[in-house]
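Visitor: Enclosed is the structure file final-v5.cif (mmCIF, C-alpha atoms and all ligand atoms).
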data_protein
loop_
_atom_site.group_PDB
_atom_site.id
_atom_site.type_symbol
_atom_site.label_atom_id
_atom_site.label_comp_id
_atom_site.auth_asym_id
_atom_site.auth_seq_id
_atom_site.Cartn_x
_atom_site.Cartn_y
_atom_site.Cartn_z
ATOM 1 C CA MET A 97 14.592 -36.758 22.042
ATOM 2 C CA THR A 98 14.533 -38.577 25.385
ATOM 3 C CA PRO A 99 14.713 -36.465 28.502
ATOM 4 C CA GLY A 100 18.174 -35.844 29.903
ATOM 5 C CA THR A 101 19.383 -37.698 32.953
ATOM 6 C CA ALA A 102 22.219 -35.429 34.096
ATOM 7 C CA ARG A 103 21.916 -33.745 37.466
ATOM 8 C CA VAL A 104 21.147 -30.055 36.958
ATOM 9 C CA LEU A 105 23.769 -27.783 38.540
ATOM 10 C CA GLY A 106 21.509 -24.769 39.009
ATOM 11 C CA GLY A 107 22.971 -21.292 39.383
ATOM 12 C CA PRO A 108 20.203 -19.564 41.372
ATOM 13 C CA PRO A 109 20.598 -21.513 44.668
ATOM 14 C CA ALA A 110 24.393 -21.240 44.483
ATOM 15 C CA ALA A 111 24.186 -17.514 43.691
ATOM 16 C CA ALA A 112 21.729 -16.977 46.551
ATOM 17 C CA ALA A 113 24.139 -18.678 48.966
ATOM 18 C CA LEU A 114 27.022 -16.504 47.730
ATOM 19 C CA LEU A 115 24.911 -13.337 48.056
ATOM 20 C CA THR A 116 23.838 -14.298 51.582
ATOM 21 C CA GLU A 117 27.486 -14.781 52.534
ATOM 22 C CA ALA A 118 28.435 -11.449 50.922
ATOM 23 C CA GLY A 119 25.651 -9.688 52.844
ATOM 24 C CA ARG A 120 26.674 -11.327 56.127
ATOM 25 C CA ARG A 121 30.302 -10.285 55.732
ATOM 26 C CA ALA A 122 29.330 -6.790 54.544
ATOM 27 C CA GLY A 123 27.316 -6.402 57.747
ATOM 28 C CA ARG A 124 30.433 -6.968 59.857
ATOM 29 C CA LEU A 125 32.293 -4.028 58.308
ATOM 30 C CA PRO A 126 32.280 -0.517 59.820
ATOM 31 C CA ARG A 127 30.271 0.753 56.830
ATOM 32 C CA PRO A 128 28.602 -0.853 53.807
ATOM 33 C CA PRO A 129 31.101 -1.669 51.050
ATOM 34 C CA HIS A 130 30.769 0.786 48.172
ATOM 35 C CA LEU A 131 30.915 -0.236 44.513
ATOM 36 C CA ALA A 132 31.480 2.392 41.815
ATOM 37 C CA LEU A 133 29.914 1.306 38.524
ATOM 38 C CA VAL A 134 31.249 3.174 35.500
ATOM 39 C CA ARG A 135 29.620 3.005 32.113
ATOM 40 C CA VAL A 136 30.104 5.076 28.968
ATOM 41 C CA GLY A 137 27.372 5.651 26.372
ATOM 42 C CA GLU A 138 23.983 4.007 26.112
ATOM 43 C CA ASP A 139 24.687 0.491 24.816
ATOM 44 C CA PRO A 140 21.401 -1.170 25.915
ATOM 45 C CA ALA A 141 23.052 -4.366 27.188
ATOM 46 C CA SER A 142 25.561 -2.365 29.270
ATOM 47 C CA VAL A 143 22.821 -0.118 30.668
ATOM 48 C CA SER A 144 20.840 -3.173 31.725
ATOM 49 C CA TYR A 145 23.841 -5.072 33.178
ATOM 50 C CA VAL A 146 24.911 -2.055 35.242
ATOM 51 C CA ARG A 147 21.367 -1.509 36.492
ATOM 52 C CA GLY A 148 21.179 -5.196 37.483
ATOM 53 C CA LYS A 149 24.474 -4.984 39.371
ATOM 54 C CA ALA A 150 23.339 -1.877 41.294
ATOM 55 C CA GLN A 151 20.024 -3.541 42.188
ATOM 56 C CA LYS A 152 21.672 -6.724 43.468
ATOM 57 C CA ALA A 153 24.203 -4.623 45.423
ATOM 58 C CA ALA A 154 21.335 -2.853 47.210
ATOM 59 C CA GLU A 155 19.592 -6.182 47.928
ATOM 60 C CA VAL A 156 22.580 -7.469 49.893
ATOM 61 C CA GLY A 157 23.276 -4.207 51.715
ATOM 62 C CA LEU A 158 26.100 -2.807 49.602
ATOM 63 C CA SER A 159 26.087 0.779 48.460
ATOM 64 C CA SER A 160 26.798 1.633 44.843
ATOM 65 C CA HIS A 161 26.796 4.550 42.472
ATOM 66 C CA VAL A 162 26.409 4.466 38.706
ATOM 67 C CA HIS A 163 28.758 6.910 36.976
ATOM 68 C CA ALA A 164 27.039 7.170 33.580
ATOM 69 C CA LEU A 165 29.313 9.070 31.208
ATOM 70 C CA PRO A 166 28.176 10.407 27.832
ATOM 71 C CA GLU A 167 29.078 8.625 24.595
ATOM 72 C CA ALA A 168 31.429 11.531 23.699
ATOM 73 C CA THR A 169 33.628 10.989 26.797
ATOM 74 C CA THR A 170 37.336 11.151 25.961
ATOM 75 C CA GLN A 171 39.988 8.667 27.049
ATOM 76 C CA ALA A 172 41.494 11.358 29.319
ATOM 77 C CA GLU A 173 38.141 12.058 30.978
ATOM 78 C CA LEU A 174 37.533 8.374 31.639
ATOM 79 C CA LEU A 175 41.040 7.950 33.071
ATOM 80 C CA ALA A 176 40.506 11.012 35.257
ATOM 81 C CA LEU A 177 37.340 9.465 36.720
ATOM 82 C CA VAL A 178 39.208 6.220 37.439
ATOM 83 C CA GLU A 179 41.957 8.195 39.225
ATOM 84 C CA THR A 180 39.367 10.052 41.306
ATOM 85 C CA LEU A 181 37.699 6.767 42.319
ATOM 86 C CA ASN A 182 41.098 5.176 43.076
ATOM 87 C CA ALA A 183 41.915 8.040 45.428
ATOM 88 C CA ASP A 184 38.524 8.105 47.167
ATOM 89 C CA PRO A 185 38.723 6.097 50.407
ATOM 90 C CA ALA A 186 34.905 5.764 50.417
ATOM 91 C CA VAL A 187 35.086 3.670 47.222
ATOM 92 C CA ASN A 188 35.990 0.015 47.804
ATOM 93 C CA GLY A 189 35.419 -1.439 44.340
ATOM 94 C CA ILE A 190 35.442 -0.043 40.805
ATOM 95 C CA LEU A 191 33.871 -1.715 37.801
ATOM 96 C CA VAL A 192 34.208 -0.268 34.303
ATOM 97 C CA GLN A 193 31.494 -1.900 32.204
ATOM 98 C CA LEU A 194 32.796 -3.282 28.909
ATOM 99 C CA PRO A 195 32.547 -2.942 25.983
ATOM 100 C CA LEU A 196 33.471 0.740 25.839
ATOM 101 C CA PRO A 197 32.475 2.798 22.780
ATOM 102 C CA ALA A 198 34.834 2.127 19.850
ATOM 103 C CA HIS A 199 36.817 5.388 20.243
ATOM 104 C CA LEU A 200 37.945 4.390 23.744
ATOM 105 C CA ASN A 201 40.753 1.903 24.433
ATOM 106 C CA PRO A 202 39.891 -0.358 27.378
ATOM 107 C CA GLU A 203 43.447 -1.478 28.121
ATOM 108 C CA PRO A 204 44.847 1.768 29.620
ATOM 109 C CA VAL A 205 41.650 2.045 31.664
ATOM 110 C CA LEU A 206 42.165 -1.423 33.092
ATOM 111 C CA LEU A 207 45.817 -0.634 33.831
ATOM 112 C CA ALA A 208 44.834 2.581 35.608
ATOM 113 C CA LEU A 209 42.621 0.791 38.149
ATOM 114 C CA ASP A 210 43.957 0.381 41.661
ATOM 115 C CA PRO A 211 44.383 -3.440 41.747
ATOM 116 C CA ALA A 212 42.988 -3.432 45.305
ATOM 117 C CA LYS A 213 39.709 -1.994 43.926
ATOM 118 C CA ASP A 214 39.667 -4.027 40.699
ATOM 119 C CA VAL A 215 36.580 -6.122 41.540
ATOM 120 C CA ASP A 216 36.470 -7.583 38.020
ATOM 121 C CA GLY A 217 39.897 -9.103 38.721
ATOM 122 C CA LEU A 218 41.213 -8.266 35.261
ATOM 123 C CA HIS A 219 44.157 -5.972 36.109
ATOM 124 C CA PRO A 220 47.454 -7.751 35.314
ATOM 125 C CA ALA A 221 48.421 -7.544 39.004
ATOM 126 C CA ASN A 222 45.355 -9.661 39.791
ATOM 127 C CA THR A 223 45.683 -12.065 36.858
ATOM 128 C CA GLY A 224 49.357 -12.531 37.774
ATOM 129 C CA ALA A 225 48.415 -13.194 41.406
ATOM 130 C CA LEU A 226 45.843 -15.742 40.235
ATOM 131 C CA TRP A 227 48.368 -17.535 38.067
ATOM 132 C CA ASN A 228 50.910 -17.662 40.927
ATOM 133 C CA ASN A 229 48.222 -18.663 43.459
ATOM 134 C CA HIS A 230 48.818 -15.499 45.500
ATOM 135 C CA ALA A 231 46.104 -13.431 47.165
ATOM 136 C CA GLY A 232 44.235 -11.082 44.834
ATOM 137 C CA LEU A 233 40.806 -10.396 43.395
ATOM 138 C CA ARG A 234 39.646 -13.197 41.065
ATOM 139 C CA PRO A 235 37.678 -12.618 37.836
ATOM 140 C CA CYS A 236 33.944 -12.918 38.510
ATOM 141 C CA THR A 237 32.741 -15.573 36.058
ATOM 142 C CA PRO A 238 35.612 -18.008 36.752
ATOM 143 C CA ALA A 239 35.372 -17.528 40.526
ATOM 144 C CA GLY A 240 31.582 -17.879 40.209
ATOM 145 C CA ILE A 241 32.055 -21.213 38.416
ATOM 146 C CA MET A 242 34.234 -22.474 41.282
ATOM 147 C CA ALA A 243 31.581 -21.348 43.800
ATOM 148 C CA LEU A 244 28.871 -23.101 41.753
ATOM 149 C CA LEU A 245 30.848 -26.363 41.730
ATOM 150 C CA ALA A 246 31.563 -26.111 45.468
ATOM 151 C CA HIS A 247 27.886 -25.389 46.225
ATOM 152 C CA HIS A 248 26.823 -28.545 44.392
ATOM 153 C CA GLY A 249 29.534 -30.661 45.996
ATOM 154 C CA VAL A 250 31.495 -31.289 42.801
ATOM 155 C CA THR A 251 35.062 -32.414 43.543
ATOM 156 C CA VAL A 252 37.773 -30.516 41.678
ATOM 157 C CA ALA A 253 40.996 -31.666 43.356
ATOM 158 C CA GLY A 254 42.624 -34.512 41.483
ATOM 159 C CA GLN A 255 40.123 -34.352 38.610
ATOM 160 C CA ARG A 256 41.128 -34.401 34.994
ATOM 161 C CA THR A 257 39.702 -31.106 33.723
ATOM 162 C CA VAL A 258 39.487 -29.695 30.220
ATOM 163 C CA VAL A 259 38.746 -26.020 29.549
ATOM 164 C CA VAL A 260 37.549 -25.188 26.027
ATOM 165 C CA GLY A 261 38.456 -21.539 25.342
ATOM 166 C CA ARG A 262 41.414 -19.369 26.339
ATOM 167 C CA SER A 263 39.885 -15.901 26.649
ATOM 168 C CA ALA A 264 41.194 -13.437 29.235
ATOM 169 C CA LEU A 265 37.685 -13.244 30.718
ATOM 170 C CA VAL A 266 36.932 -16.945 31.212
ATOM 171 C CA GLY A 267 39.169 -19.654 29.734
ATOM 172 C CA ARG A 268 42.556 -18.540 31.066
ATOM 173 C CA PRO A 269 41.459 -17.507 34.562
ATOM 174 C CA VAL A 270 39.260 -20.579 35.110
ATOM 175 C CA ALA A 271 42.234 -22.757 34.108
ATOM 176 C CA GLY A 272 44.295 -20.957 36.778
ATOM 177 C CA LEU A 273 41.639 -21.427 39.448
ATOM 178 C CA LEU A 274 41.309 -25.139 38.614
ATOM 179 C CA LEU A 275 45.086 -25.517 38.836
ATOM 180 C CA ASN A 276 45.118 -23.724 42.198
ATOM 181 C CA ALA A 277 42.372 -26.134 43.333
ATOM 182 C CA ASP A 278 44.610 -29.131 42.533
ATOM 183 C CA ALA A 279 42.965 -30.200 39.283
ATOM 184 C CA THR A 280 44.920 -31.486 36.305
ATOM 185 C CA VAL A 281 44.220 -28.925 33.584
ATOM 186 C CA THR A 282 44.190 -29.000 29.787
ATOM 187 C CA VAL A 283 43.252 -25.856 27.853
ATOM 188 C CA ALA A 284 41.842 -26.432 24.355
ATOM 189 C CA HIS A 285 41.102 -23.677 21.867
ATOM 190 C CA ARG A 286 40.422 -22.790 18.260
ATOM 191 C CA ALA A 287 43.679 -24.349 17.046
ATOM 192 C CA THR A 288 43.239 -27.636 18.928
ATOM 193 C CA PRO A 289 42.984 -30.512 16.422
ATOM 194 C CA ASP A 290 40.379 -33.207 17.160
ATOM 195 C CA LEU A 291 38.706 -31.310 19.989
ATOM 196 C CA GLY A 292 36.484 -34.310 20.807
ATOM 197 C CA ALA A 293 39.478 -36.514 21.565
ATOM 198 C CA VAL A 294 40.611 -33.926 24.110
ATOM 199 C CA THR A 295 37.217 -33.207 25.694
ATOM 200 C CA ARG A 296 36.477 -36.935 26.052
ATOM 201 C CA GLU A 297 39.411 -37.098 28.502
ATOM 202 C CA ALA A 298 37.639 -34.779 30.929
ATOM 203 C CA ASP A 299 36.029 -35.742 34.228
ATOM 204 C CA LEU A 300 35.165 -32.050 34.475
ATOM 205 C CA LEU A 301 34.614 -30.120 31.232
ATOM 206 C CA ILE A 302 34.328 -26.314 31.240
ATOM 207 C CA VAL A 303 33.183 -24.809 27.941
ATOM 208 C CA ALA A 304 33.678 -21.094 27.200
ATOM 209 C CA ALA A 305 34.116 -21.020 23.427
ATOM 210 C CA GLY A 306 31.336 -18.713 22.315
ATOM 211 C CA GLN A 307 30.049 -21.283 19.770
ATOM 212 C CA VAL A 308 26.453 -22.514 19.799
ATOM 213 C CA HIS A 309 26.309 -26.254 20.631
ATOM 214 C CA LEU A 310 30.026 -26.785 19.956
ATOM 215 C CA ILE A 311 30.035 -29.683 22.405
ATOM 216 C CA THR A 312 27.908 -32.640 21.302
ATOM 217 C CA PRO A 313 27.242 -35.863 23.256
ATOM 218 C CA ASP A 314 29.934 -37.830 21.416
ATOM 219 C CA MET A 315 32.532 -35.351 22.760
ATOM 220 C CA VAL A 316 31.722 -36.028 26.408
ATOM 221 C CA ARG A 317 32.902 -38.900 28.573
ATOM 222 C CA PRO A 318 29.922 -40.706 30.136
ATOM 223 C CA GLY A 319 29.588 -39.548 33.736
ATOM 224 C CA ALA A 320 31.508 -36.293 33.265
ATOM 225 C CA VAL A 321 30.489 -33.018 34.901
ATOM 226 C CA VAL A 322 29.939 -30.296 32.286
ATOM 227 C CA VAL A 323 29.894 -26.525 32.867
ATOM 228 C CA ASP A 324 28.461 -24.459 29.999
ATOM 229 C CA VAL A 325 29.623 -20.830 30.070
ATOM 230 C CA GLY A 326 28.215 -19.960 26.628
ATOM 231 C CA ILE A 327 25.080 -17.902 26.195
ATOM 232 C CA HIS A 328 23.494 -17.303 22.806
ATOM 233 C CA ARG A 329 20.095 -16.153 21.618
ATOM 234 C CA VAL A 330 18.943 -18.423 18.795
ATOM 235 C CA PRO A 331 15.879 -17.747 16.636
ATOM 236 C CA THR A 332 12.601 -19.579 17.269
ATOM 237 C CA GLU A 333 9.457 -19.854 15.173
ATOM 238 C CA SER A 334 7.657 -17.452 17.518
ATOM 239 C CA GLY A 335 10.328 -14.885 16.623
ATOM 240 C CA LYS A 336 11.196 -14.228 20.278
ATOM 241 C CA GLY A 337 14.323 -16.365 20.241
ATOM 242 C CA ARG A 338 15.565 -18.490 23.124
ATOM 243 C CA LEU A 339 18.797 -18.755 25.059
ATOM 244 C CA THR A 340 21.140 -21.673 24.617
ATOM 245 C CA GLY A 341 24.769 -22.471 25.366
ATOM 246 C CA ASP A 342 27.996 -23.848 23.908
ATOM 247 C CA VAL A 343 26.867 -27.348 24.949
ATOM 248 C CA HIS A 344 24.211 -29.279 23.018
ATOM 249 C CA PRO A 345 21.245 -30.125 25.289
ATOM 250 C CA ASP A 346 21.586 -33.852 24.375
ATOM 251 C CA VAL A 347 24.812 -33.873 26.412
ATOM 252 C CA ALA A 348 22.449 -34.260 29.396
ATOM 253 C CA GLN A 349 22.003 -37.884 28.289
ATOM 254 C CA VAL A 350 25.718 -38.599 28.695
ATOM 255 C CA ALA A 351 26.941 -36.312 31.476
ATOM 256 C CA ALA A 352 26.469 -36.971 35.192
ATOM 257 C CA ALA A 353 25.810 -33.291 35.828
ATOM 258 C CA LEU A 354 25.369 -30.214 33.656
ATOM 259 C CA THR A 355 24.841 -26.478 34.182
ATOM 260 C CA PRO A 356 21.731 -25.245 32.324
ATOM 261 C CA VAL A 357 21.576 -22.186 30.064
ATOM 262 C CA PRO A 358 19.995 -19.958 31.198
ATOM 263 C CA GLY A 359 20.071 -20.440 34.963
ATOM 264 C CA GLY A 360 23.539 -21.941 35.341
ATOM 265 C CA VAL A 361 26.759 -19.935 35.363
ATOM 266 C CA GLY A 362 24.975 -16.645 34.490
ATOM 267 C CA PRO A 363 23.652 -15.711 37.950
ATOM 268 C CA MET A 364 27.032 -16.500 39.548
ATOM 269 C CA THR A 365 28.879 -13.632 37.869
ATOM 270 C CA VAL A 366 27.035 -10.763 39.571
ATOM 271 C CA ALA A 367 26.994 -12.609 42.907
ATOM 272 C CA GLN A 368 30.778 -13.010 42.702
ATOM 273 C CA LEU A 369 31.213 -9.346 41.758
ATOM 274 C CA LEU A 370 29.486 -8.354 44.993
ATOM 275 C CA MET A 371 31.513 -10.903 46.965
ATOM 276 C CA ASN A 372 34.667 -9.401 45.429
ATOM 277 C CA THR A 373 33.512 -5.944 46.539
ATOM 278 C CA VAL A 374 33.116 -7.254 50.094
ATOM 279 C CA ILE A 375 36.549 -8.935 49.957
ATOM 280 C CA ALA A 376 38.120 -5.693 48.647
ATOM 281 C CA ALA A 377 36.455 -3.692 51.428
ATOM 282 C CA GLU A 378 37.572 -6.194 54.093
ATOM 283 C CA ARG A 379 41.177 -5.955 52.924
ATOM 284 C CA GLN A 380 41.072 -2.152 52.718
ATOM 285 C CA HIS A 381 39.647 -1.876 56.241
ATOM 286 C CA ALA A 382 42.269 -4.306 57.551
ATOM 287 C CA ARG A 383 45.038 -2.151 56.045
ATOM 288 C CA ALA A 384 43.646 1.241 57.045
ATOM 289 C CA PRO A 385 44.711 2.701 60.391
ATOM 290 C CA HIS A 386 42.070 1.925 63.021
ATOM 291 C CA PRO A 387 41.226 5.095 64.985
ATOM 292 C CA GLU A 388 40.336 3.019 68.058
ATOM 293 C CA VAL A 389 43.800 1.443 68.211
ATOM 294 C CA SER A 390 45.939 4.330 67.019
ATOM 295 C CA GLY A 391 47.561 7.373 68.639
ATOM 296 C CA GLU A 392 46.928 8.001 72.292
ATOM 297 C CA HIS A 393 44.473 5.085 72.507
ATOM 298 C CA VAL A 394 47.242 2.570 71.972
ATOM 299 C CA ARG A 395 48.648 1.161 75.159
HETATM 300 P P1 LIG B 1 34.540 -16.083 26.241
HETATM 301 O O1 LIG B 1 34.668 -14.648 26.607
HETATM 302 O O2 LIG B 1 33.186 -16.678 26.515
HETATM 303 O O3 LIG B 1 35.593 -16.934 26.904
HETATM 304 P P2 LIG B 1 35.644 -15.603 23.541
HETATM 305 O O4 LIG B 1 34.788 -15.507 22.322
HETATM 306 O O5 LIG B 1 36.374 -14.414 24.028
HETATM 307 O O6 LIG B 1 34.706 -16.266 24.652
HETATM 308 O O7 LIG B 1 36.718 -16.735 23.325
HETATM 309 C C1 LIG B 1 36.443 -17.838 22.574
HETATM 310 C C2 LIG B 1 37.479 -18.889 22.906
HETATM 311 O O8 LIG B 1 36.965 -20.140 22.473
HETATM 312 C C3 LIG B 1 38.790 -18.691 22.182
HETATM 313 O O9 LIG B 1 39.839 -18.934 23.095
HETATM 314 C C4 LIG B 1 38.801 -19.761 21.099
HETATM 315 O O10 LIG B 1 40.103 -20.277 20.867
HETATM 316 C C5 LIG B 1 37.866 -20.826 21.635
HETATM 317 N N1 LIG B 1 37.128 -21.454 20.550
HETATM 318 C C6 LIG B 1 36.286 -20.853 19.699
HETATM 319 N N2 LIG B 1 35.816 -21.741 18.789
HETATM 320 C C7 LIG B 1 36.375 -22.923 19.071
HETATM 321 C C8 LIG B 1 36.309 -24.228 18.492
HETATM 322 N N3 LIG B 1 35.559 -24.470 17.432
HETATM 323 N N4 LIG B 1 37.041 -25.198 19.051
HETATM 324 C C9 LIG B 1 37.798 -24.952 20.143
HETATM 325 N N5 LIG B 1 37.902 -23.764 20.733
HETATM 326 C C10 LIG B 1 37.215 -22.746 20.212
#
Write the structure described by the file as structure tokens, please.
Ligand code: ADP
Guide:
Amino acid sequence: MTPGTARVLGGPPAAAALLTEAGRRAGRLPRPPHLALVRVGEDPASVSYVRGKAQKAAEVGLSSHVHALPEATTQAELLALVETLNADPAVNGILVQLPLPAHLNPEPVLLALDPAKDVDGLHPANTGALWNNHAGLRPCTPAGIMALLAHHGVTVAGQRTVVVGRSALVGRPVAGLLLNADATVTVAHRATPDLGAVTREADLLIVAAGQVHLITPDMVRPGAVVVDVGIHRVPTESGKGRLTGDVHPDVAQVAAALTPVPGGVGPMTVAQLLMNTVIAAERQHARAPHPEVSGEHVR
């Protein structure tokens, strides 16, 4: 295999820039933005993700609290916690870590969130706002992808873009963001015949299909920019396994630029979550009555 020639669109420098910006804006608020992290049970991946989010929050000067509920938590108890956090003016953002244990239904939980505190951007009020290009909180991975592209100077406006995948978490919202950024957008999915014929049309190809190496070099237009949102652990001879994406590494020989896995889109998601928490806090402070300009102090 010859070494790839595509420019590497690295996540860490773009995530660092986003975190710096989040920290700077957090510092201008009357108090540090507060993120409530809710998890239920002891799913090891969820425990580790939530811990990582709390650590990064602290690094950029945000406050956070992990509400770790026992596995046996009922739907009513979880909803009650969400209501308490909604009503608490000290809480600016709420994240309920998914997946929930099988006996809990995530949908009513999502619907119960105050959209103004929905820092994952998954409440229908926020997905609707995204689709109509109105103000709202944007889902973290898609917004992180847009920040990654902007950081590396990739043009989106006017580009022919193809999104592979139509999930609520990535495919659909990233298609909306691309549309709002003046791209021409095609969404391909499981039922798309001759996927390669579609992906070869793309100047900018975003792949979020959850399939190891779905995209091979013959499916990519020479000179295209490729964003790989997939992350899979594949076995190795050492038995440790290694991480790879939805895009075959040989695509680097065809594409002009490619996000690596790991170290591409991954780091952007948490950075965007913290940026969303800052944005939520800014909007809440702007709406709240300001003691210094209210009552007898107003002239
Ligand atoms: P994610 O959360 O990363 O977006 P999901 O597993 O929820 O991933 O969604 C997978 C998406 O990828 C679905 O929309 C599905 O239609 C699409 N997809 C899966 N396999 C293929 C395939 N072979 N060709 C095209 N699209 C695919």
Visitor: Go through A:Leu200, A:Val343, A:Leu233, A:Val143 and flag the residue nearest ligand LIG 1 (chain B), using all atoms listed in the file for the distances.
Guide: A:Val343
Visitor: Restricting the calculation to all atoms listed in the file, which member of A:Gly123, A:Gly292, A:Pro166, A:Pro197 is positioned closest to ligand LIG 1 (chain B)?
Guide: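 With all atoms listed in the file as the atom set, the closest residue is A:Gly292.
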Visitor: Determine the residue set returned by the PyMOL selection byres (((chain A and resi 263-268) around 9) and not hetatm) for the present structure, and present it as a ChimeraX atom specification.
Guide: /A:218,223,235-238,259-262,269-273,283,302-305,325
Visitor: If you measure from atom CA of Val104 of chain A to atom CA of Gly306 of chain A, what distance in Å do you get, rounded to one decimal?
Guide: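 That distance, rounded to one decimal, is 21.1 Å.
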Visitor: Take every atom of ligand LIG 1 (chain B) listed in the file, pad by 8 Å on each side, and give me the axis-aligned box centre and edge lengths in Å, one decimal, as JSON.
Guide:
{"center_x": 36.6, "center_y": -19.8, "center_z": 22.2, "size_x": 22.9, "size_y": 26.8, "size_z": 25.5}
Visitor: Which one of A:Leu206, A:Met242, A:Met371, A:Leu275 sits closest to Thr116 of chain A if you count all atoms listed in the file?
Guide: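 Looking only at the distances to Thr116 of chain A, the closest residue turns out to be A:Met371.
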Visitor: What's the 8 Å shell around Met315 of chain A, counting all atoms listed in the file, without same-chain residues fewer than 5 positions away, as JSON, numbers by chain?
Guide: {"A": [291, 292, 293, 295, 296]}
Visitor: What does the distance from atom CA of His344 of chain A to atom CA of Ile311 of chain A come to in Å, to one decimal?
Guide: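 Atom-to-atom, atom CA of His344 of chain A and atom CA of Ile311 of chain A are spaced 5.9 Å apart.
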